[in-house]
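Worksheet: the structure to be examined is printed underneath.
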Amino acid sequence: MSWASDLPKELLCRPMGLVVLTGLDLIYNAVHKTIWDSFANNRRTDRVPLQFQPLNADHEYSKSRPKRSSYEWYIPKGILKTTWMRKHLEQIPAVVVVFFDLDWDEFMWKERQMECSTRVEIVRNSLSGRSTKVCVVLVQKNAPLPPGEDVMAAERAASLCAACELSAKSLFVFPVTDHLLGYTIRLENAFYEMAQSYYHTEVRRVKTHKDYLNKTTHQLLFVRHQFKMAFFNELKQDTHAALKHYKQAYGHVLELRMLDSNLLEVKTVAGFMNYKICRLSFQHNTPLDAISQFRKHIDFFKARAGITDLAFEHNAWMAKQFQVFGDLFDDAIKLGLTAIQTQHPGIYYQQAAYQSISRKQLCHTHCTATPSNISTDALDNLNNLDYYGQRPWRQGHQSIEPPDPVKEREGILALQALELKVDHCWIIIPLLGSAVTQFKKYRSPRMKRYLMVQMGEEYDYANDYGKALTLLSRVTWEYRQERWWNLLTSILKTSLRCAYLTGNVQEYVTICVELVAKYAVISSDEKARIQMNLNRIISNKEPDAEPGCKQQYIEAAQALWKNYVLGSEPVIFNIDTSVLVPFVECKAKFSKVSYCADSPVTIKVYIRSCAPFPLQFSKLSVMLTNQAYNKHCITEKSKDPPTADDSCDNLFIKPDVVVVHSFKFMAQAEDVGGLLEMSSISLELGSSSSRCAVLHWNAAGGDAVATPASQQRNCLFVGCYDSEDDPAPIWEQIEANSAARVLPREAKLEAQIEHDATSLLNEISCFLIKLTNKEETEIRNVEVSLSLGEGTELEIDRLTTVYTDPLGKKELTTKKPLKHFDAVKTGETVTKNFYAKSSTTGELTLKITMSYEITVAGCGDTEILCHCQDERFIKTLVIDPLDVSIQLASLKIEHLESVFADEPFLLMATVKCSSPSSILIQASWIELSPLVKLVDKTFESQLSNLKMNSSDLASECICLCVPALMTQTNVPIGTYFISMNRCASDGGNSQAIVKSITLPSVNVEQIPVSVSIDLPANGFVQSILPVAYTISNRTLYVQEMEASMESSEAFMFSGQRQVHFSILPNGTYQLKFNLVPLMPGNLILPRLQLNMTRYPDLLASIVQKMLPTDIFVQPRRHSGNSTQTGA
C-alpha cells in the first residue's frame, strides 16, 4: 500500500510561482551566467517566493486543451490527475521573461528591434492558449539616466513596446553594473506581481466552471475544482484563501459515495486535503484547528477499511496519516510552537507505529495463502496512474462493480504478493524511535520505556538480536524498581533468547541469574531448565537452545557457543547484583555498632538461595575499605563432600536455607578512632581457573527489592552463630550494616590541672598538670600535647601563645608535644608546667591530650599493643585588668572636639580596675607624635606605684599643645602606656604587663589671634582684683583690633572701656583692668569683646573658648588680714 499511502513530493513542497528566463546563454556568456546566478543563488527568506527556470526561447510548453463550453454529457473518470500539480509547478510558467542584449544607443537599432520582437512572438506561439505573462528585459552595459532626461531612451522604449506588442509595464532594463543584486531584487518584485496576476486569473477561470456542474454526475468535479483553486491560491501565496478552498474540497470529499471500488481513491484524495489543511493551520499559528481537523479526519475514515482481503491497505493509509501529522506537528514546534505533555508529536508517531503493527498482522493473516505463481501483470501500471488512488488494472472506471471480476481477483492477489515482500519491522522501528524521542523530550518516562520494549520486540522479530538485546537491557532496571514482575519476566525471556542467538555469554549468564530468582513469573520447570543451562555454562559446556528460536539461527548460535567451549583462557563473569535481583541473596553486618581497640571485630554474612536446585559456590569474600583485613574475611569451598550437617566453612547452599558465616579479626592501630567499612561482598560460582560467575554486592549487600511483611517467612538457618546471642530471625528482618566504629581503649590515666580562674590580658599565666598511672601495668611513651579547644573563638586562637618557661622565651609549637615520658609505673605521679599568654580578651579553652601505649591480651595467646588516649579541657577567662578612657579638655576643664594651634589643652586619662585581684601600676608614660609636644618640659607619671583594687578609679592629666606651623587639620596625638602587674599578695609575679592605648586624633584649627588672661585664683569683696589680657597676633600681617569691656552689676572696674589698637605680625598687646567685686560668690566676669577690622565677628567664639567666664569672690576680709582696699 506504500504506492497509494505515500504523499507525492508535489504535495509536500511549498508551491511557488514558476518564472521561466529565456535568452540567457549560460555556457558561453559570462554576463548571462552572472545574471542567472543573481536570480537562482542565495534565495533567502526575505526574497519573494518564486522558482526560476532557464529555458531556450523556442522551448515547447505543455499544450492547452480546448476549453469545454458545457459539462452536460461529461462523466469524470477520477478525482485528481497525478500530473496536474507537477505540470503547474514545473512545466507551465506564470511568467516568461525574454532577456535581450540591447542598449539605447545601439547603432543597428531597427534590426535589433526586429530580432527582439521575433523572439517574443516565438514565445507567444509556444504558449498558445495560455494566459502566461510575457515580458522583456533589456540587458544593457551602461546605467540608465534619471527618468525624463534621456529622450532617445523614451522614444525607443515606446517603439520597442509597439513592435513586441507589449505594455510599458512589461519592458524592463537590466544594467550590468556593480549594483547587480539590487536590480535583480527589483525585477523579482515585478515578476512576483505578474505571477500573482496570472494565478488570480487562473482561479477566476476555474471558478467559472462551477455554474456548469451538477451534484448528480459531477460530484468528483466539485472536489477537483476546489482543489485547483486552493492550489492556485497557494502559488499566489494567498494561504488564507487556499485554506478556505481546501476545506471546501474536503467537505465535498466527505459527500462522495464511498464503495469498495472507489474507497481507496477517496481516502487518498482526502488524505491530500487533510495534509494541506493541517499544514496551513499550523502555518497560520492555529494548532488547535489543525488538531481538530485531524481528529475529525481519523474518526470519519478509521472504520472504512474497504475490501477485506486488502485490509492491510487501510492500516498503511492510517499509519501514513498519523506519521505525516506528527511530522507537521514537529516542524511547527521547531518554528516556535509550544507543545504539552498530553499533546505532542510522539502521540501520533506512536499511533502510526500501532497502525503499522496492525498492518503487519493483517498481512500475515490474509496474505499467507497467496499462490507463489500469481501473475503481477495487473500491477504493470502501478507507478504510472492517471488518477491518484485508483487501481492500476481498472483506471478511469467509476462503476459500482468491477468491470472484470477475474482481473480484479488477480490484482488483489498481486497486491497481497507485493505486501508480503515488505519488511514491516523497518517501517515500525523508525516510528517507534521517533515516538521515544518525543516522549523523552516531554518527560513521559513510562511511555518511553514501554515503546522501547516494543522497539526491542520488533528488532527481535526482524532477527536483529544484538540491537534487541541492547535496547531491552536499558529498561529492565526501571521495571525492576517499580516491581512490574510480569513485564520484567517477559522482557528477560526475550533478552535471554537474544543473548543465546548472539552468543553473548556475559548477558546470558546475567539474565539466567535473574530469571531463576523468586520474583521471575515463570514455572518451576522453566526455572530448572534455566538453572541447568547456567550450570552447563559454568561447567564449560554448551547450553540448550532457548524455546522459540528459529532453526537457521540456532545453528549459527551453536557455532558461536562452540568457540566459547573451545576457549582455553579462564572466563570470569562479573555480575553486579545492585542492578538486578539474583537468585542468591546476601546480607552482611557487624555484630556491634562499635568495638574497642582491644576486642575482636566480628562480621556475619547471611546467604540464602531461591534456586530450584542446591548450589555449590567456590568462594565467599568480604572486602573492606582497609584491604589489610580482606585476608581474614575469605571462605573457600571445603574439599570434603557436603554432608547433611554442613559446617560453616562449606558453601553448599540448599534452596530456602540460610547459611551464616562469621569472620573475626583485630582492628589495626591506624583504624582506632575511625570507621571500618565493607566495600563489597563477592560470591563465586565455578572455578576461577576455568569458568566462573562472580556475584558482587555493594557494601553489606541486602535485598534489591524489599519483600512485603505479609510475604515474610521463617527459613532454616545453618552456620556458625550463637543461638542465644543471635537467634534465627526472619530473613527480611536481618538488617545489613556495612560500618562499625573502632573506639580507642579507655585510658586509665588520672589528670589534675591547677590554674587561675581568670588570666590578665598579655599576662603569662601558669598551668600545672599532674598525671597518675591507674593502669595495672606500666605504661610507655606517655605524651602530653596541648592545643586550643574547639570552643575557642578564632581571634583568641590567633592571638594566644603557649610557652614552656615563665619568662615567655621558649614558645611551644603545635607539632611538638608538651612533655614525653618514656615510662610511668603503676601508681606513679608525674607533673609538668606550661604557660600561656593571650593578646585579646575572651574565654580561652585549652585541650590537653594525653596518650600512651600499653600491652594487653588479644585473641588467643597473642598480645596487642594498644594506644590509649584521653582529653581534658581547661577553660579560663582572659580579661583586661584596666579600662582606660581618654578625653580632651580645655584649660577650663571643658570637653573639646577640636583644639586651637599653639594653644594648650588637657589630655585626661581615667583608669578603672576591672581585675578581681589587686593591680599595682608601676608607671605610666606617653609617646607623642612629632606633631604634638608637652607644655611642660618633662612628664611625671601621676599613677606610679599606685595599688588598685577591683572597681577602683584613678585619673591622670597631661597638658599638651600643637605648634601653629602645622599644615594638617587632623593630627594624631600618640600612644599612652601603663605598666602593671598583680600584687604579690594576690599571687602575682614580678613580670610587668604593659598596656598600650592609641590616643585619638585631634582636629586643629588655625586662629589669627589668641587671648590669654592673668587673673588671681579668687578675689574678695570690695578689694582690687587686677586683670591683664594679653592679645597675640598669630599672622604675618598687621591686625587692626577693637576691644571693649562690657559693664557688669557685680563689678566696678577702672581702665579703658573701649580701645582701638594695632598689633604687629607675631606681636602682642596687653590690656589691664582693675576689677572691684561688689558681692561674694561665684561671679561672672565682665566680658571682653574683641573684633578685627579686617574680619569682623570672627573672634567672638574664639575669645569665649580661651577666657574664663567666672571667679569665686570671698566675703570682705577684716582690716587686720586684708590688703588696702580701693575706693
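Residue names in the C-alpha cells use chain letters A, B, ... in the order shown, residue numbers from 1 in each chain, and ligand numbers from 1 in the order shown.
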Contact residues around Ile607 in chain A with only C-alpha atoms at 9 Å, ignoring same-chain residues under 4 positions, as a list of chain:residue names: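 Final neighbour list, sorted by chain and number: A:Val584, A:Glu585, A:Cys586, A:Lys587, A:Ala588, A:Ile653, A:Val657, A:Val658, A:Val659, A:Val660, A:His661.
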Selection near Phe272 in chain A, 12 Å with only C-alpha atoms, sequence-local residues under 5 positions removed, as a ChimeraX atom specification: /A:4-12,79-80,85,223-224,227,231,246-247,249-250,253,265-267,277-279,294,297,317,320-321,324-325,388-389
DSSP strand (DSSP E or B) residues within range 140-252 of chain A, listed as a PyMOL selection string: chain A and resi 140+171-175
Those selected residues, please, written with N, CA, C and O atoms and delivered as a CSV table (one decimal), in the first residue's frame.
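Listed below is the output, result.csv:
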```
chain,number,residue,atom,x,y,z
A,140,GLN,N,21.7,45.8,-20.5
A,140,GLN,CA,22.5,47.0,-21.0
A,140,GLN,C,23.8,47.1,-20.3
A,140,GLN,O,23.9,46.7,-19.1
A,171,LEU,N,8.2,46.0,-20.0
A,171,LEU,CA,9.5,46.2,-20.5
A,171,LEU,C,10.4,46.7,-19.4
A,171,LEU,O,10.1,47.7,-18.7
A,172,PHE,N,11.6,46.0,-19.2
A,172,PHE,CA,12.5,46.3,-18.1
A,172,PHE,C,13.9,46.5,-18.7
A,172,PHE,O,14.2,45.9,-19.7
A,173,VAL,N,14.7,47.2,-17.9
A,173,VAL,CA,16.1,47.5,-18.3
A,173,VAL,C,16.9,46.9,-17.1
A,173,VAL,O,16.6,47.1,-16.0
A,174,PHE,N,17.9,46.1,-17.5
A,174,PHE,CA,18.8,45.5,-16.5
A,174,PHE,C,20.3,45.9,-16.8
A,174,PHE,O,21.0,45.3,-17.6
A,175,PRO,N,20.7,47.0,-16.1
A,175,PRO,CA,22.1,47.4,-16.3
A,175,PRO,C,23.1,46.5,-15.6
A,175,PRO,O,22.9,46.1,-14.4
```
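In this comparison, which uses only C-alpha atoms, the residue of A:Asn274, A:Thr338, A:Gln1089, A:Ser688 approaching Lys296 in chain A most closely is A:Asn274.
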Please identify every residue of range 9-44 of chain A that has at least one atom no farther than 12 Å from an atom of range 235-241 of chain A, counting only C-alpha atoms, and for each give the shortest atom pair and the distance in Å to one decimal, arranged by chain then increasing number, as CSV.
```
residue,atom,partner,partner_atom,distance
A:Cys13,CA,A:Leu235,CA,11.3
A:Arg14,CA,A:Leu235,CA,8.5
A:Pro15,CA,A:Leu235,CA,5.2
A:Met16,CA,A:Leu235,CA,5.0
A:Gly17,CA,A:Leu235,CA,5.3
A:Leu18,CA,A:Leu235,CA,8.7
A:Val19,CA,A:Leu235,CA,11.7
```
CA of Asp380 in chain A to CA of Gln416 in chain A, straight-line distance in Å: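 Spanning CA of Gln416 in chain A to CA of Asp380 in chain A is a straight-line distance of 14.9 Å.
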Long-range neighbours of Ile511 in chain A as a ChimeraX atom specification, 12 Å cut-off, only C-alpha atoms, 5 positions minimum in chain: /A:469,472-473,476,488-500,504-506,516-517,520,527,530-531,533-534,573,575-577,579-583
Take the residues that were just selected and, keeping N, CA and C atoms, output them as a CSV table (one decimal), in the first residue's frame.
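So part_33.csv came out as:
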```csv
chain,number,residue,atom,x,y,z
A,469,LEU,N,18.7,-6.9,22.1
A,469,LEU,CA,19.3,-7.2,23.5
A,469,LEU,C,19.7,-5.8,24.1
A,472,LEU,N,16.5,-3.7,25.1
A,472,LEU,CA,15.8,-4.2,26.2
A,472,LEU,C,16.5,-4.1,27.5
A,473,SER,N,17.9,-4.2,27.5
A,473,SER,CA,18.7,-4.1,28.7
A,473,SER,C,18.6,-2.7,29.3
A,476,THR,N,15.2,-2.6,31.8
A,476,THR,CA,14.8,-3.6,32.9
A,476,THR,C,15.0,-3.0,34.3
A,488,LEU,N,8.7,-7.5,33.6
A,488,LEU,CA,10.2,-7.7,33.6
A,488,LEU,C,10.5,-9.2,33.2
A,489,THR,N,9.7,-10.1,33.6
A,489,THR,CA,9.9,-11.5,33.2
A,489,THR,C,9.8,-11.7,31.7
A,490,SER,N,8.8,-11.1,31.1
A,490,SER,CA,8.6,-11.1,29.7
A,490,SER,C,9.8,-10.5,28.9
A,491,ILE,N,10.3,-9.4,29.4
A,491,ILE,CA,11.5,-8.8,28.8
A,491,ILE,C,12.7,-9.6,28.9
A,492,LEU,N,12.9,-10.2,30.1
A,492,LEU,CA,14.1,-11.0,30.4
A,492,LEU,C,14.1,-12.3,29.5
A,493,LYS,N,12.9,-12.9,29.3
A,493,LYS,CA,12.8,-14.1,28.4
A,493,LYS,C,13.2,-13.7,27.0
A,494,THR,N,12.7,-12.6,26.5
A,494,THR,CA,13.1,-12.2,25.2
A,494,THR,C,14.6,-11.9,25.1
A,495,SER,N,15.1,-11.2,26.1
A,495,SER,CA,16.6,-10.9,26.2
A,495,SER,C,17.4,-12.2,26.3
A,496,LEU,N,16.9,-13.2,27.0
A,496,LEU,CA,17.7,-14.4,27.1
A,496,LEU,C,17.8,-15.1,25.8
A,497,ARG,N,16.7,-15.1,25.0
A,497,ARG,CA,16.7,-15.7,23.7
A,497,ARG,C,17.7,-14.9,22.8
A,498,CYS,N,17.6,-13.6,22.8
A,498,CYS,CA,18.5,-12.8,22.0
A,498,CYS,C,20.0,-13.0,22.4
A,499,ALA,N,20.3,-13.1,23.7
A,499,ALA,CA,21.6,-13.3,24.2
A,499,ALA,C,22.1,-14.7,23.7
A,500,TYR,N,21.3,-15.7,23.7
A,500,TYR,CA,21.7,-17.0,23.2
A,500,TYR,C,22.0,-17.0,21.7
A,504,ASN,N,26.2,-14.0,23.3
A,504,ASN,CA,26.7,-13.1,24.3
A,504,ASN,C,26.6,-13.8,25.6
A,505,VAL,N,27.8,-14.4,26.0
A,505,VAL,CA,27.8,-15.3,27.2
A,505,VAL,C,27.6,-14.5,28.5
A,506,GLN,N,28.2,-13.3,28.6
A,506,GLN,CA,28.1,-12.4,29.8
A,506,GLN,C,26.6,-12.1,30.0
A,516,VAL,N,16.1,-17.1,37.4
A,516,VAL,CA,16.0,-18.2,38.4
A,516,VAL,C,15.5,-17.7,39.7
A,517,ALA,N,15.6,-16.3,39.9
A,517,ALA,CA,15.2,-15.7,41.2
A,517,ALA,C,13.7,-15.9,41.5
A,520,ALA,N,10.8,-13.9,39.4
A,520,ALA,CA,10.6,-14.2,38.0
A,520,ALA,C,9.3,-15.0,37.9
A,527,LYS,N,12.4,-22.6,35.4
A,527,LYS,CA,13.5,-22.2,36.2
A,527,LYS,C,14.5,-23.3,36.3
A,530,ILE,N,16.5,-23.3,33.1
A,530,ILE,CA,17.5,-22.2,33.0
A,530,ILE,C,18.6,-22.4,33.9
A,531,GLN,N,18.4,-23.0,35.1
A,531,GLN,CA,19.5,-23.2,36.1
A,531,GLN,C,20.4,-24.3,35.5
A,533,ASN,N,21.0,-24.9,32.4
A,533,ASN,CA,21.8,-24.2,31.3
A,533,ASN,C,22.9,-23.4,32.0
A,534,LEU,N,22.6,-22.7,33.1
A,534,LEU,CA,23.6,-21.9,33.8
A,534,LEU,C,24.8,-22.9,34.3
A,573,PHE,N,32.8,-14.1,34.8
A,573,PHE,CA,31.5,-13.4,34.5
A,573,PHE,C,31.2,-12.5,35.8
A,575,ILE,N,29.1,-10.1,37.9
A,575,ILE,CA,27.6,-9.8,37.9
A,575,ILE,C,27.4,-8.8,39.0
A,576,ASP,N,27.0,-7.6,38.7
A,576,ASP,CA,26.7,-6.6,39.7
A,576,ASP,C,25.2,-6.8,40.2
A,577,THR,N,25.1,-7.2,41.4
A,577,THR,CA,23.7,-7.5,41.9
A,577,THR,C,22.9,-6.2,42.3
A,579,VAL,N,22.1,-4.0,40.2
A,579,VAL,CA,21.2,-3.6,39.1
A,579,VAL,C,20.3,-4.8,38.7
A,580,LEU,N,20.2,-5.8,39.5
A,580,LEU,CA,19.3,-6.9,39.2
A,580,LEU,C,18.9,-7.6,40.5
A,581,VAL,N,18.0,-8.6,40.4
A,581,VAL,CA,17.6,-9.4,41.5
A,581,VAL,C,18.0,-10.8,41.3
A,582,PRO,N,19.2,-11.2,41.9
A,582,PRO,CA,19.7,-12.5,41.6
A,582,PRO,C,19.0,-13.6,42.4
A,583,PHE,N,19.3,-14.9,42.1
A,583,PHE,CA,18.6,-16.0,42.8
A,583,PHE,C,19.3,-16.3,44.1
```
Alpha helix (DSSP H) call set, DSSP backbone run, range 1021-1117 of chain A, as a list in words: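 The alpha helix (DSSP H) subset of range 1021-1117 of chain A is Ala1100, Ser1101, Ile1102, Val1103, Gln1104, Lys1105 and Met1106 of chain A.
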May I have the residues within 12 Å of range 207-209 of chain A as a PDB file with N, CA and C atoms, in the first residue's frame, using only C-alpha atoms and disregarding those fewer than 3 positions away in the same chain?
```
ATOM      1  N   LYS A  67     -11.051  24.348 -24.266  1.00  0.00           N
ATOM      2  CA  LYS A  67     -11.923  24.582 -23.125  1.00  0.00           C
ATOM      3  C   LYS A  67     -13.325  24.090 -23.434  1.00  0.00           C
ATOM      4  N   ARG A  68     -13.899  23.435 -22.400  1.00  0.00           N
ATOM      5  CA  ARG A  68     -15.269  22.920 -22.563  1.00  0.00           C
ATOM      6  C   ARG A  68     -16.264  24.060 -22.420  1.00  0.00           C
ATOM      7  N   SER A  69     -17.237  24.034 -23.281  1.00  0.00           N
ATOM      8  CA  SER A  69     -18.311  25.026 -23.173  1.00  0.00           C
ATOM      9  C   SER A  69     -19.461  24.519 -22.332  1.00  0.00           C
ATOM     10  N   SER A  70     -19.464  23.161 -22.107  1.00  0.00           N
ATOM     11  CA  SER A  70     -20.545  22.580 -21.305  1.00  0.00           C
ATOM     12  C   SER A  70     -20.051  21.253 -20.717  1.00  0.00           C
ATOM     13  N   TYR A  71     -20.567  20.906 -19.512  1.00  0.00           N
ATOM     14  CA  TYR A  71     -20.249  19.635 -18.845  1.00  0.00           C
ATOM     15  C   TYR A  71     -21.468  18.719 -18.835  1.00  0.00           C
ATOM     16  N   GLU A  72     -22.414  18.968 -19.765  1.00  0.00           N
ATOM     17  CA  GLU A  72     -23.689  18.257 -19.682  1.00  0.00           C
ATOM     18  C   GLU A  72     -23.511  16.765 -19.890  1.00  0.00           C
ATOM     19  N   HIS A 200      -4.191  34.625 -10.161  1.00  0.00           N
ATOM     20  CA  HIS A 200      -5.519  35.157  -9.869  1.00  0.00           C
ATOM     21  C   HIS A 200      -6.464  34.914 -11.037  1.00  0.00           C
ATOM     22  N   THR A 201      -5.934  35.092 -12.249  1.00  0.00           N
ATOM     23  CA  THR A 201      -6.742  34.822 -13.451  1.00  0.00           C
ATOM     24  C   THR A 201      -7.123  33.354 -13.529  1.00  0.00           C
ATOM     25  N   GLU A 202      -6.178  32.467 -13.196  1.00  0.00           N
ATOM     26  CA  GLU A 202      -6.464  31.038 -13.243  1.00  0.00           C
ATOM     27  C   GLU A 202      -7.535  30.656 -12.234  1.00  0.00           C
ATOM     28  N   VAL A 203      -7.489  31.254 -11.048  1.00  0.00           N
ATOM     29  CA  VAL A 203      -8.511  30.963 -10.038  1.00  0.00           C
ATOM     30  C   VAL A 203      -9.886  31.378 -10.545  1.00  0.00           C
ATOM     31  N   ARG A 204      -9.973  32.532 -11.151  1.00  0.00           N
ATOM     32  CA  ARG A 204     -11.269  33.002 -11.669  1.00  0.00           C
ATOM     33  C   ARG A 204     -11.743  32.123 -12.817  1.00  0.00           C
ATOM     34  N   TYR A 212     -21.516  25.244 -14.417  1.00  0.00           N
ATOM     35  CA  TYR A 212     -21.890  24.184 -15.367  1.00  0.00           C
ATOM     36  C   TYR A 212     -22.016  22.819 -14.709  1.00  0.00           C
ATOM     37  N   LEU A 213     -21.788  22.740 -13.389  1.00  0.00           N
ATOM     38  CA  LEU A 213     -21.745  21.439 -12.725  1.00  0.00           C
ATOM     39  C   LEU A 213     -23.050  21.155 -12.017  1.00  0.00           C
ATOM     40  N   ASN A 214     -23.347  19.832 -11.861  1.00  0.00           N
ATOM     41  CA  ASN A 214     -24.474  19.401 -11.040  1.00  0.00           C
ATOM     42  C   ASN A 214     -24.013  18.278 -10.131  1.00  0.00           C
ATOM     43  N   HIS A 218     -21.521  15.167 -11.335  1.00  0.00           N
ATOM     44  CA  HIS A 218     -20.238  15.887 -11.297  1.00  0.00           C
ATOM     45  C   HIS A 218     -19.723  16.099  -9.874  1.00  0.00           C
ATOM     46  N   LEU A 221     -16.039  16.487  -9.796  1.00  0.00           N
ATOM     47  CA  LEU A 221     -15.516  17.760 -10.299  1.00  0.00           C
ATOM     48  C   LEU A 221     -15.584  18.859  -9.239  1.00  0.00           C
ATOM     49  N   PHE A 222     -16.569  18.792  -8.346  1.00  0.00           N
ATOM     50  CA  PHE A 222     -16.621  19.769  -7.256  1.00  0.00           C
ATOM     51  C   PHE A 222     -15.340  19.698  -6.420  1.00  0.00           C
ATOM     52  N   ARG A 224     -12.433  18.387  -7.449  1.00  0.00           N
ATOM     53  CA  ARG A 224     -11.275  18.735  -8.287  1.00  0.00           C
ATOM     54  C   ARG A 224     -11.134  20.242  -8.434  1.00  0.00           C
ATOM     55  N   HIS A 225     -12.239  20.942  -8.713  1.00  0.00           N
ATOM     56  CA  HIS A 225     -12.144  22.379  -8.956  1.00  0.00           C
ATOM     57  C   HIS A 225     -11.785  23.147  -7.680  1.00  0.00           C
ATOM     58  N   GLN A 226     -12.324  22.718  -6.551  1.00  0.00           N
ATOM     59  CA  GLN A 226     -11.958  23.394  -5.293  1.00  0.00           C
ATOM     60  C   GLN A 226     -10.468  23.171  -4.980  1.00  0.00           C
ATOM     61  N   PHE A 227      -9.976  21.974  -5.268  1.00  0.00           N
ATOM     62  CA  PHE A 227      -8.549  21.707  -5.038  1.00  0.00           C
ATOM     63  C   PHE A 227      -7.689  22.580  -5.957  1.00  0.00           C
ATOM     64  N   LYS A 228      -8.093  22.714  -7.214  1.00  0.00           N
ATOM     65  CA  LYS A 228      -7.334  23.540  -8.156  1.00  0.00           C
ATOM     66  C   LYS A 228      -7.298  24.996  -7.689  1.00  0.00           C
ATOM     67  N   MET A 229      -8.460  25.525  -7.269  1.00  0.00           N
ATOM     68  CA  MET A 229      -8.475  26.913  -6.813  1.00  0.00           C
ATOM     69  C   MET A 229      -7.598  27.090  -5.572  1.00  0.00           C
ATOM     70  N   ALA A 230      -7.632  26.108  -4.675  1.00  0.00           N
ATOM     71  CA  ALA A 230      -6.786  26.190  -3.479  1.00  0.00           C
ATOM     72  C   ALA A 230      -5.306  26.152  -3.863  1.00  0.00           C
ATOM     73  N   PHE A 232      -3.922  27.004  -6.775  1.00  0.00           N
ATOM     74  CA  PHE A 232      -3.531  28.260  -7.435  1.00  0.00           C
ATOM     75  C   PHE A 232      -3.361  29.397  -6.410  1.00  0.00           C
ATOM     76  N   HIS A 245     -10.498  27.099   0.410  1.00  0.00           N
ATOM     77  CA  HIS A 245     -10.874  26.195  -0.686  1.00  0.00           C
ATOM     78  C   HIS A 245     -10.519  24.744  -0.357  1.00  0.00           C
TER      79      HIS A 245
END
```
Would you write out, as a Markdown table, a table of all residues in range 554-611 of chain A that have an atom no more than 12 Å from an atom of range 865-875 of chain A, listing for each the closest atom pair and the distance in Å to one decimal, considering only C-alpha atoms and ordering rows by chain and rising residue number?
```
| residue | atom | partner | partner_atom | distance |
| --- | --- | --- | --- | --- |
| A:Cys596 | CA | A:Cys866 | CA | 10.0 |
| A:Ala597 | CA | A:Cys866 | CA | 6.9 |
| A:Asp598 | CA | A:Cys866 | CA | 6.9 |
| A:Ser599 | CA | A:Cys866 | CA | 10.6 |
```
Near-His397 in chain A list (9 Å; only C-alpha atoms; drop same-chain fewer than 6 positions) as a ChimeraX atom specification: /A:77-78,261-262,390,403
Selection: 10 Å around range 1016-1033 of chain A, only C-alpha atoms, excl. self and same-chain fewer than 6 positions, as a VMD selection string: chain A and resid 1007 to 1010 1039 1041 1050 to 1054 1062 to 1082 1088 1090 1107 1110 to 1117 1122 to 1127
CA of Ile537 in chain A to CA of Asp656 in chain A, distance in Å rounded to a single decimal: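 Those two atoms sit 23.8 Å apart.
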Of the listed residues A:Asn315, A:Asn737, A:Thr376, A:Ser838, that which approaches Arg359 in chain A most closely, counting only C-alpha atoms: A:Asn315
Selection near Phe439 in chain A, 12 Å with only C-alpha atoms, sequence-local residues under 2 positions removed, as a PyMOL selection string: chain A and resi 339-350+432-437+441-452
Residues of range 865-953 of chain A that approach range 752-758 of chain A to 6 Å or less, counting only C-alpha atoms: could you list each one with the shortest pair of atoms and its distance in Å to one decimal, rows by chain and increasing residue number, as a Markdown table?
```
| residue | atom | partner | partner_atom | distance |
| --- | --- | --- | --- | --- |
| A:Thr876 | CA | A:Thr758 | CA | 5.4 |
| A:Leu877 | CA | A:Thr758 | CA | 4.7 |
| A:Val878 | CA | A:Thr758 | CA | 5.9 |
```
Option closest in space to Lys215 in chain A, from A:Val475, A:Leu256, A:Leu362, A:Ala747 [counting only C-alpha atoms]: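 Going through A:Val475, A:Leu256, A:Leu362, A:Ala747 one by one, the smallest distance to Lys215 in chain A is for A:Leu256.
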